[in-house]
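What follows is the content of final.cif (mmCIF, C-alpha atoms).
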data_data
loop_
_atom_site.group_PDB
_atom_site.id
_atom_site.type_symbol
_atom_site.label_atom_id
_atom_site.label_comp_id
_atom_site.auth_asym_id
_atom_site.auth_seq_id
_atom_site.Cartn_x
_atom_site.Cartn_y
_atom_site.Cartn_z
ATOM 1 C CA MET L 1446 4.647 -7.701 -20.849
ATOM 2 C CA GLU L 1447 1.292 -8.424 -19.198
ATOM 3 C CA LYS L 1448 -0.517 -5.767 -17.232
ATOM 4 C CA VAL L 1449 0.687 -5.605 -13.620
ATOM 5 C CA LYS L 1450 -2.104 -6.715 -11.275
ATOM 6 C CA LEU L 1451 -2.220 -4.806 -8.030
ATOM 7 C CA GLY L 1452 -4.067 -5.507 -4.851
ATOM 8 C CA MET L 1453 -4.929 -2.584 -2.629
ATOM 9 C CA VAL L 1454 -5.581 -2.685 1.108
ATOM 10 C CA VAL L 1455 -7.174 0.541 2.312
ATOM 11 C CA ALA L 1456 -7.702 1.612 5.925
ATOM 12 C CA GLU L 1457 -11.100 3.155 6.630
ATOM 13 C CA PHE L 1458 -9.921 5.139 9.665
ATOM 14 C CA ASN L 1459 -9.628 8.760 8.501
ATOM 15 C CA ARG L 1460 -11.725 7.678 5.510
ATOM 16 C CA ASP L 1461 -12.093 11.212 4.184
ATOM 17 C CA ILE L 1462 -8.346 11.111 3.489
ATOM 18 C CA THR L 1463 -7.898 7.437 2.596
ATOM 19 C CA TYR L 1464 -10.776 7.688 0.111
ATOM 20 C CA MET L 1465 -8.858 10.380 -1.779
ATOM 21 C CA MET L 1466 -5.727 8.242 -1.559
ATOM 22 C CA GLU L 1467 -7.576 5.208 -2.932
ATOM 23 C CA ILE L 1468 -8.960 7.160 -5.903
ATOM 24 C CA LEU L 1469 -5.563 8.733 -6.692
ATOM 25 C CA GLY L 1470 -3.873 5.350 -6.419
ATOM 26 C CA LYS L 1471 -6.342 3.680 -8.785
ATOM 27 C CA GLU L 1472 -6.065 6.524 -11.301
ATOM 28 C CA HIS L 1473 -2.275 6.371 -11.191
ATOM 29 C CA ALA L 1474 -2.288 2.590 -11.662
ATOM 30 C CA GLU L 1475 -4.397 3.045 -14.790
ATOM 31 C CA PHE L 1476 -2.052 5.792 -16.014
ATOM 32 C CA LEU L 1477 0.889 3.399 -15.573
ATOM 33 C CA GLY L 1478 -0.892 0.626 -17.463
ATOM 34 C CA ALA L 1479 -1.481 -1.460 -14.344
ATOM 35 C CA GLU L 1480 -4.751 -2.761 -12.956
ATOM 36 C CA VAL L 1481 -6.074 -2.683 -9.401
ATOM 37 C CA SER L 1482 -7.762 -6.070 -9.504
ATOM 38 C CA GLU L 1483 -8.574 -6.497 -5.802
ATOM 39 C CA VAL L 1484 -9.388 -4.113 -2.954
ATOM 40 C CA ILE L 1485 -9.878 -4.961 0.697
ATOM 41 C CA ARG L 1486 -10.958 -2.238 3.104
ATOM 42 C CA VAL L 1487 -9.980 -2.680 6.746
ATOM 43 C CA PRO L 1488 -10.937 -0.689 9.855
ATOM 44 C CA GLY L 1489 -7.533 0.949 10.395
ATOM 45 C CA THR L 1490 -3.865 0.998 9.481
ATOM 46 C CA PHE L 1491 -3.041 -1.468 12.249
ATOM 47 C CA ASP L 1492 -5.331 -3.983 10.493
ATOM 48 C CA ILE L 1493 -3.642 -3.755 7.084
ATOM 49 C CA PRO L 1494 -1.132 -6.631 7.495
ATOM 50 C CA ILE L 1495 -3.722 -9.407 7.889
ATOM 51 C CA ALA L 1496 -5.547 -8.313 4.738
ATOM 52 C CA VAL L 1497 -2.239 -8.091 2.857
ATOM 53 C CA LYS L 1498 -1.453 -11.642 3.968
ATOM 54 C CA LYS L 1499 -4.848 -12.940 2.758
ATOM 55 C CA MET L 1500 -4.365 -11.241 -0.591
ATOM 56 C CA LEU L 1501 -0.852 -12.637 -1.032
ATOM 57 C CA GLU L 1502 -2.004 -16.133 -0.026
ATOM 58 C CA LYS L 1503 -4.528 -16.131 -2.885
ATOM 59 C CA GLY L 1504 -1.682 -15.391 -5.296
ATOM 60 C CA LYS L 1505 -3.774 -13.459 -7.827
ATOM 61 C CA VAL L 1506 -1.856 -10.176 -7.602
ATOM 62 C CA ASP L 1507 1.699 -9.216 -8.523
ATOM 63 C CA ALA L 1508 1.997 -6.685 -5.701
ATOM 64 C CA VAL L 1509 -0.044 -5.085 -2.921
ATOM 65 C CA VAL L 1510 -0.324 -1.393 -2.123
ATOM 66 C CA ALA L 1511 -1.102 -0.551 1.518
ATOM 67 C CA ILE L 1512 -3.037 2.706 1.940
ATOM 68 C CA GLY L 1513 -3.584 4.364 5.308
ATOM 69 C CA CYS L 1514 -3.380 7.587 7.244
ATOM 70 C CA VAL L 1515 -2.092 7.778 10.810
ATOM 71 C CA ILE L 1516 -2.838 11.126 12.438
ATOM 72 C CA GLU L 1517 -1.161 12.292 15.633
ATOM 73 C CA GLY L 1518 -3.230 12.050 18.777
ATOM 74 C CA GLU L 1519 -2.645 12.976 22.398
ATOM 75 C CA THR L 1520 -0.544 9.839 23.019
ATOM 76 C CA GLU L 1521 2.232 8.127 21.048
ATOM 77 C CA HIS L 1522 -0.317 5.663 19.676
ATOM 78 C CA ASP L 1523 0.210 6.949 16.120
ATOM 79 C CA GLU L 1524 3.908 6.060 16.222
ATOM 80 C CA ILE L 1525 3.240 2.539 17.481
ATOM 81 C CA VAL L 1526 0.543 1.892 14.866
ATOM 82 C CA ALA L 1527 2.647 3.163 11.955
ATOM 83 C CA GLN L 1528 5.843 1.406 13.019
ATOM 84 C CA HIS L 1529 4.227 -1.989 13.578
ATOM 85 C CA ALA L 1530 2.158 -1.836 10.397
ATOM 86 C CA ALA L 1531 5.222 -0.889 8.336
ATOM 87 C CA ARG L 1532 7.299 -3.687 9.864
ATOM 88 C CA LYS L 1533 4.678 -6.364 9.250
ATOM 89 C CA ILE L 1534 4.079 -5.118 5.703
ATOM 90 C CA MET L 1535 7.815 -5.441 5.004
ATOM 91 C CA ASP L 1536 7.897 -8.922 6.570
ATOM 92 C CA LEU L 1537 5.014 -10.076 4.357
ATOM 93 C CA SER L 1538 6.722 -8.770 1.234
ATOM 94 C CA LEU L 1539 9.808 -10.809 2.050
ATOM 95 C CA GLU L 1540 7.821 -13.893 3.100
ATOM 96 C CA TYR L 1541 5.813 -14.029 -0.143
ATOM 97 C CA GLY L 1542 8.490 -12.639 -2.471
ATOM 98 C CA LYS L 1543 6.167 -9.974 -3.829
ATOM 99 C CA PRO L 1544 6.267 -6.207 -3.456
ATOM 100 C CA VAL L 1545 4.078 -4.715 -0.737
ATOM 101 C CA THR L 1546 4.446 -0.967 -0.844
ATOM 102 C CA LEU L 1547 3.817 1.574 1.863
ATOM 103 C CA GLY L 1548 1.223 4.218 1.001
ATOM 104 C CA ILE L 1549 0.683 5.135 4.633
ATOM 105 C CA SER L 1550 1.097 8.738 5.687
ATOM 106 C CA GLY L 1551 2.133 9.546 9.244
ATOM 107 C CA PRO L 1552 2.887 9.352 12.077
ATOM 108 C CA GLY L 1553 3.461 12.736 13.678
ATOM 109 C CA MET L 1554 1.153 14.799 11.522
ATOM 110 C CA GLY L 1555 -2.173 16.532 11.897
ATOM 111 C CA ARG L 1556 -5.209 16.414 9.614
ATOM 112 C CA ILE L 1557 -4.030 19.287 7.384
ATOM 113 C CA ALA L 1558 -0.625 17.678 6.809
ATOM 114 C CA ALA L 1559 -2.338 14.345 6.107
ATOM 115 C CA THR L 1560 -4.554 15.939 3.483
ATOM 116 C CA GLU L 1561 -1.459 17.430 1.842
ATOM 117 C CA ARG L 1562 0.120 13.959 1.639
ATOM 118 C CA VAL L 1563 -2.570 12.036 -0.239
ATOM 119 C CA ASP L 1564 -0.026 11.607 -3.046
ATOM 120 C CA TYR L 1565 1.676 8.919 -0.922
ATOM 121 C CA ALA L 1566 -0.812 6.576 -2.582
ATOM 122 C CA LYS L 1567 0.476 7.464 -6.051
ATOM 123 C CA ARG L 1568 4.059 6.942 -4.932
ATOM 124 C CA ALA L 1569 3.211 3.534 -3.464
ATOM 125 C CA VAL L 1570 1.449 2.458 -6.676
ATOM 126 C CA GLU L 1571 4.383 3.616 -8.771
ATOM 127 C CA ALA L 1572 6.861 1.786 -6.545
ATOM 128 C CA ALA L 1573 4.797 -1.418 -6.772
ATOM 129 C CA VAL L 1574 4.566 -1.307 -10.563
ATOM 130 C CA LYS L 1575 8.276 -0.503 -11.005
ATOM 131 C CA LEU L 1576 9.366 -3.193 -8.586
ATOM 132 C CA VAL L 1577 7.206 -5.884 -10.207
ATOM 133 C CA LYS L 1578 8.669 -5.033 -13.628
ATOM 134 C CA ARG L 1579 12.250 -4.865 -12.390
ATOM 135 C CA LEU L 1580 12.012 -8.143 -10.505
ATOM 136 C CA LYS L 1581 10.592 -9.850 -13.615
ATOM 137 C CA GLU L 1582 13.444 -8.417 -15.697
ATOM 138 C CA TYR L 1583 15.955 -9.626 -13.130
ATOM 139 C CA ASP L 1584 14.441 -13.129 -13.164
ATOM 140 C CA ALA L 1585 14.452 -13.186 -16.981
ATOM 141 C CA GLU L 1586 18.123 -12.154 -17.123
ATOM 142 C CA ARG L 1587 19.119 -14.851 -14.638
ATOM 143 C CA SER L 1588 17.200 -17.676 -16.334
#
Please go through the file and, once you have read it, give me the structure as structure tokens.
Amino acid sequence: MEKVKLGMVVAEFNRDITYMMEILGKEHAEFLGAEVSEVIRVPGTFDIPIAVKKMLEKGKVDAVVAIGCVIEGETEHDEIVAQHAARKIMDLSLEYGKPVTLGISGPGMGRIAATERVDYAKRAVEAAVKLVKRLKEYDAERS
């Protein structure tokens, strides 16, 4: 089977955390025998869906991993951002028929909790790789 090609969309907001997530995600992709062939960095988690859509439109990746970190503020803004980003990411996955996995930590956490959850990126990469392989197997069995 060919190497799984992943796209990665990384939010720059809370970059100290998302940078660690990006590095961990890329390392884990390599460990799994996959390749992160494209990366788009966006200002924040709320901006992830449009970059995911652009990447899927090009059709050069098998799956996209969304990386972000939504830290709790003084309002419920973090909940709105995370919920809407997750919903649109799911919609795009269904629209394009390709996995788009959620490596976004939050909402409802502070900076310390966010730092402890950088492994969400690894989980999202692993889910993307597994899902691409399983969907290809499913297609092959049904052909």
Check: Evaluating the PyMOL selection byres ((chain L and resi 1569) around 10) on the displayed file yields which residues, as a list in words?
Finding: Gly1470, His1473, Ala1474, Val1509, Val1510, Ala1511, Ile1512, Val1545, Thr1546, Leu1547, Gly1548, Ile1549, Asp1564, Tyr1565, Ala1566, Lys1567, Arg1568, Val1570, Glu1571, Ala1572, Ala1573, Val1574 and Lys1575 of chain L
Excluding Ala1559 of chain L and its own-chain neighbours fewer than 3 positions away, which residues fall within 10 Å of it when counting all atoms listed in the file? Please give them as a ChimeraX atom specification. /L:1459,1462-1463,1514-1517,1549-1556,1562-1565
Original post:
If you count only C-alpha atoms, which residues fall within 7 Å of segment 1479-1488 of chain L, apart from same-chain ones fewer than 4 positions away, as a list in words?
Top reply: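 Those residues are Lys1448, Val1449, Lys1450, Leu1451, Gly1452, Met1453, Val1454, Val1455, Ala1456, Glu1457, Phe1458, Lys1471, Ala1474, Glu1475, Asp1492, Ile1493 and Ala1496 of chain L.
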Dump as a short mmCIF file (atom, residue, chain, number, x, y, z; two decimals), in the coordinates of the input, selection limited to C-alpha atoms:
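This is the output file selection14.cif:
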data_model
loop_
_atom_site.label_atom_id
_atom_site.label_comp_id
_atom_site.auth_asym_id
_atom_site.auth_seq_id
_atom_site.Cartn_x
_atom_site.Cartn_y
_atom_site.Cartn_z
CA LYS L 1448 -0.52 -5.77 -17.23
CA VAL L 1449 0.69 -5.60 -13.62
CA LYS L 1450 -2.10 -6.72 -11.28
CA LEU L 1451 -2.22 -4.81 -8.03
CA GLY L 1452 -4.07 -5.51 -4.85
CA MET L 1453 -4.93 -2.58 -2.63
CA VAL L 1454 -5.58 -2.68 1.11
CA VAL L 1455 -7.17 0.54 2.31
CA ALA L 1456 -7.70 1.61 5.92
CA GLU L 1457 -11.10 3.16 6.63
CA PHE L 1458 -9.92 5.14 9.66
CA LYS L 1471 -6.34 3.68 -8.78
CA ALA L 1474 -2.29 2.59 -11.66
CA GLU L 1475 -4.40 3.04 -14.79
CA ASP L 1492 -5.33 -3.98 10.49
CA ILE L 1493 -3.64 -3.76 7.08
CA ALA L 1496 -5.55 -8.31 4.74
#
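Evaluated against the shown file, the PyMOL selection byres ((chain L and resi 1532-1541) around 10) gives Phe1491, Ile1493, Pro1494, Ile1495, Val1497, Lys1498, Leu1501, Glu1502, Gly1504, Ala1508, Val1509, Val1510, Ala1511, Ala1527, Gln1528, His1529, Ala1530, Ala1531, Gly1542, Lys1543, Pro1544, Val1545, Thr1546 and Leu1547 of chain L.
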How about saving the chosen residues, C-alpha atoms kept, as a PDB file, in the frame of the given file?
ATOM      1  CA  PHE L1491      -3.041  -1.468  12.249  1.00  0.00           C
ATOM      2  CA  ILE L1493      -3.642  -3.755   7.084  1.00  0.00           C
ATOM      3  CA  PRO L1494      -1.132  -6.631   7.495  1.00  0.00           C
ATOM      4  CA  ILE L1495      -3.722  -9.407   7.889  1.00  0.00           C
ATOM      5  CA  VAL L1497      -2.239  -8.091   2.857  1.00  0.00           C
ATOM      6  CA  LYS L1498      -1.453 -11.642   3.968  1.00  0.00           C
ATOM      7  CA  LEU L1501      -0.852 -12.637  -1.032  1.00  0.00           C
ATOM      8  CA  GLU L1502      -2.004 -16.133  -0.026  1.00  0.00           C
ATOM      9  CA  GLY L1504      -1.682 -15.391  -5.296  1.00  0.00           C
ATOM     10  CA  ALA L1508       1.997  -6.685  -5.701  1.00  0.00           C
ATOM     11  CA  VAL L1509      -0.044  -5.085  -2.921  1.00  0.00           C
ATOM     12  CA  VAL L1510      -0.324  -1.393  -2.123  1.00  0.00           C
ATOM     13  CA  ALA L1511      -1.102  -0.551   1.518  1.00  0.00           C
ATOM     14  CA  ALA L1527       2.647   3.163  11.955  1.00  0.00           C
ATOM     15  CA  GLN L1528       5.843   1.406  13.019  1.00  0.00           C
ATOM     16  CA  HIS L1529       4.227  -1.989  13.578  1.00  0.00           C
ATOM     17  CA  ALA L1530       2.158  -1.836  10.397  1.00  0.00           C
ATOM     18  CA  ALA L1531       5.222  -0.889   8.336  1.00  0.00           C
ATOM     19  CA  GLY L1542       8.490 -12.639  -2.471  1.00  0.00           C
ATOM     20  CA  LYS L1543       6.167  -9.974  -3.829  1.00  0.00           C
ATOM     21  CA  PRO L1544       6.267  -6.207  -3.456  1.00  0.00           C
ATOM     22  CA  VAL L1545       4.078  -4.715  -0.737  1.00  0.00           C
ATOM     23  CA  THR L1546       4.446  -0.967  -0.844  1.00  0.00           C
ATOM     24  CA  LEU L1547       3.817   1.574   1.863  1.00  0.00           C
TER      25      LEU L1547
END
Distance of atom CA of Gly1489 of chain L from atom CA of Asp1523 of chain L, expressed in Å to one decimal place: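 For atom CA of Asp1523 of chain L relative to atom CA of Gly1489 of chain L, the distance reads 11.3 Å.
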Here atom CA of Glu1582 of chain L and atom CA of Phe1476 of chain L stand apart by 21.0 Å
Please compute the atom CA of Val1526 of chain L-atom CA of Thr1490 of chain L distance, one decimal, in Å.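 Atom-to-atom, atom CA of Val1526 of chain L and atom CA of Thr1490 of chain L are spaced 7.0 Å apart.
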Missing atoms in segment 1513-1533 of chain L: fill them in up to N, CA and C atoms and send the result as a short mmCIF file (atom, residue, chain, number, x, y, z; two decimals), in the frame of the given file.
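And here's part_4.cif as it stands now:
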data_model
loop_
_atom_site.label_atom_id
_atom_site.label_comp_id
_atom_site.auth_asym_id
_atom_site.auth_seq_id
_atom_site.Cartn_x
_atom_site.Cartn_y
_atom_site.Cartn_z
N GLY L 1513 -3.08 3.99 3.99
CA GLY L 1513 -3.58 4.36 5.31
C GLY L 1513 -3.13 5.76 5.68
N CYS L 1514 -3.69 6.25 6.77
CA CYS L 1514 -3.38 7.59 7.24
C CYS L 1514 -3.38 7.56 8.76
N VAL L 1515 -2.23 7.82 9.35
CA VAL L 1515 -2.09 7.78 10.81
C VAL L 1515 -1.87 9.20 11.30
N ILE L 1516 -2.89 9.74 11.96
CA ILE L 1516 -2.84 11.13 12.44
C ILE L 1516 -2.46 11.15 13.91
N GLU L 1517 -1.65 12.14 14.27
CA GLU L 1517 -1.16 12.29 15.63
C GLU L 1517 -2.31 12.54 16.60
N GLY L 1518 -2.24 11.85 17.71
CA GLY L 1518 -3.23 12.05 18.78
C GLY L 1518 -2.56 12.61 20.01
N GLU L 1519 -3.20 12.44 21.15
CA GLU L 1519 -2.64 12.98 22.40
C GLU L 1519 -1.62 12.03 23.02
N THR L 1520 -1.53 10.80 22.53
CA THR L 1520 -0.54 9.84 23.02
C THR L 1520 0.40 9.49 21.88
N GLU L 1521 1.31 8.56 22.10
CA GLU L 1521 2.23 8.13 21.05
C GLU L 1521 1.66 6.95 20.25
N HIS L 1522 0.37 6.76 20.35
CA HIS L 1522 -0.32 5.66 19.68
C HIS L 1522 -0.04 5.67 18.17
N ASP L 1523 -0.01 6.85 17.57
CA ASP L 1523 0.21 6.95 16.12
C ASP L 1523 1.56 6.37 15.71
N GLU L 1524 2.58 6.59 16.54
CA GLU L 1524 3.91 6.06 16.22
C GLU L 1524 3.93 4.54 16.30
N ILE L 1525 3.29 3.99 17.31
CA ILE L 1525 3.24 2.54 17.48
C ILE L 1525 2.50 1.89 16.32
N VAL L 1526 1.35 2.44 15.97
CA VAL L 1526 0.54 1.89 14.87
C VAL L 1526 1.34 1.91 13.56
N ALA L 1527 1.92 3.04 13.22
CA ALA L 1527 2.65 3.16 11.96
C ALA L 1527 3.88 2.26 11.91
N GLN L 1528 4.63 2.22 13.00
CA GLN L 1528 5.84 1.41 13.02
C GLN L 1528 5.53 -0.08 12.88
N HIS L 1529 4.55 -0.56 13.63
CA HIS L 1529 4.23 -1.99 13.58
C HIS L 1529 3.60 -2.38 12.25
N ALA L 1530 2.76 -1.54 11.70
CA ALA L 1530 2.16 -1.84 10.40
C ALA L 1530 3.25 -1.90 9.33
N ALA L 1531 4.15 -0.92 9.34
CA ALA L 1531 5.22 -0.89 8.34
C ALA L 1531 6.11 -2.12 8.46
N ARG L 1532 6.43 -2.52 9.66
CA ARG L 1532 7.30 -3.69 9.86
C ARG L 1532 6.64 -4.97 9.35
N LYS L 1533 5.37 -5.15 9.68
CA LYS L 1533 4.68 -6.36 9.25
C LYS L 1533 4.49 -6.38 7.74
#
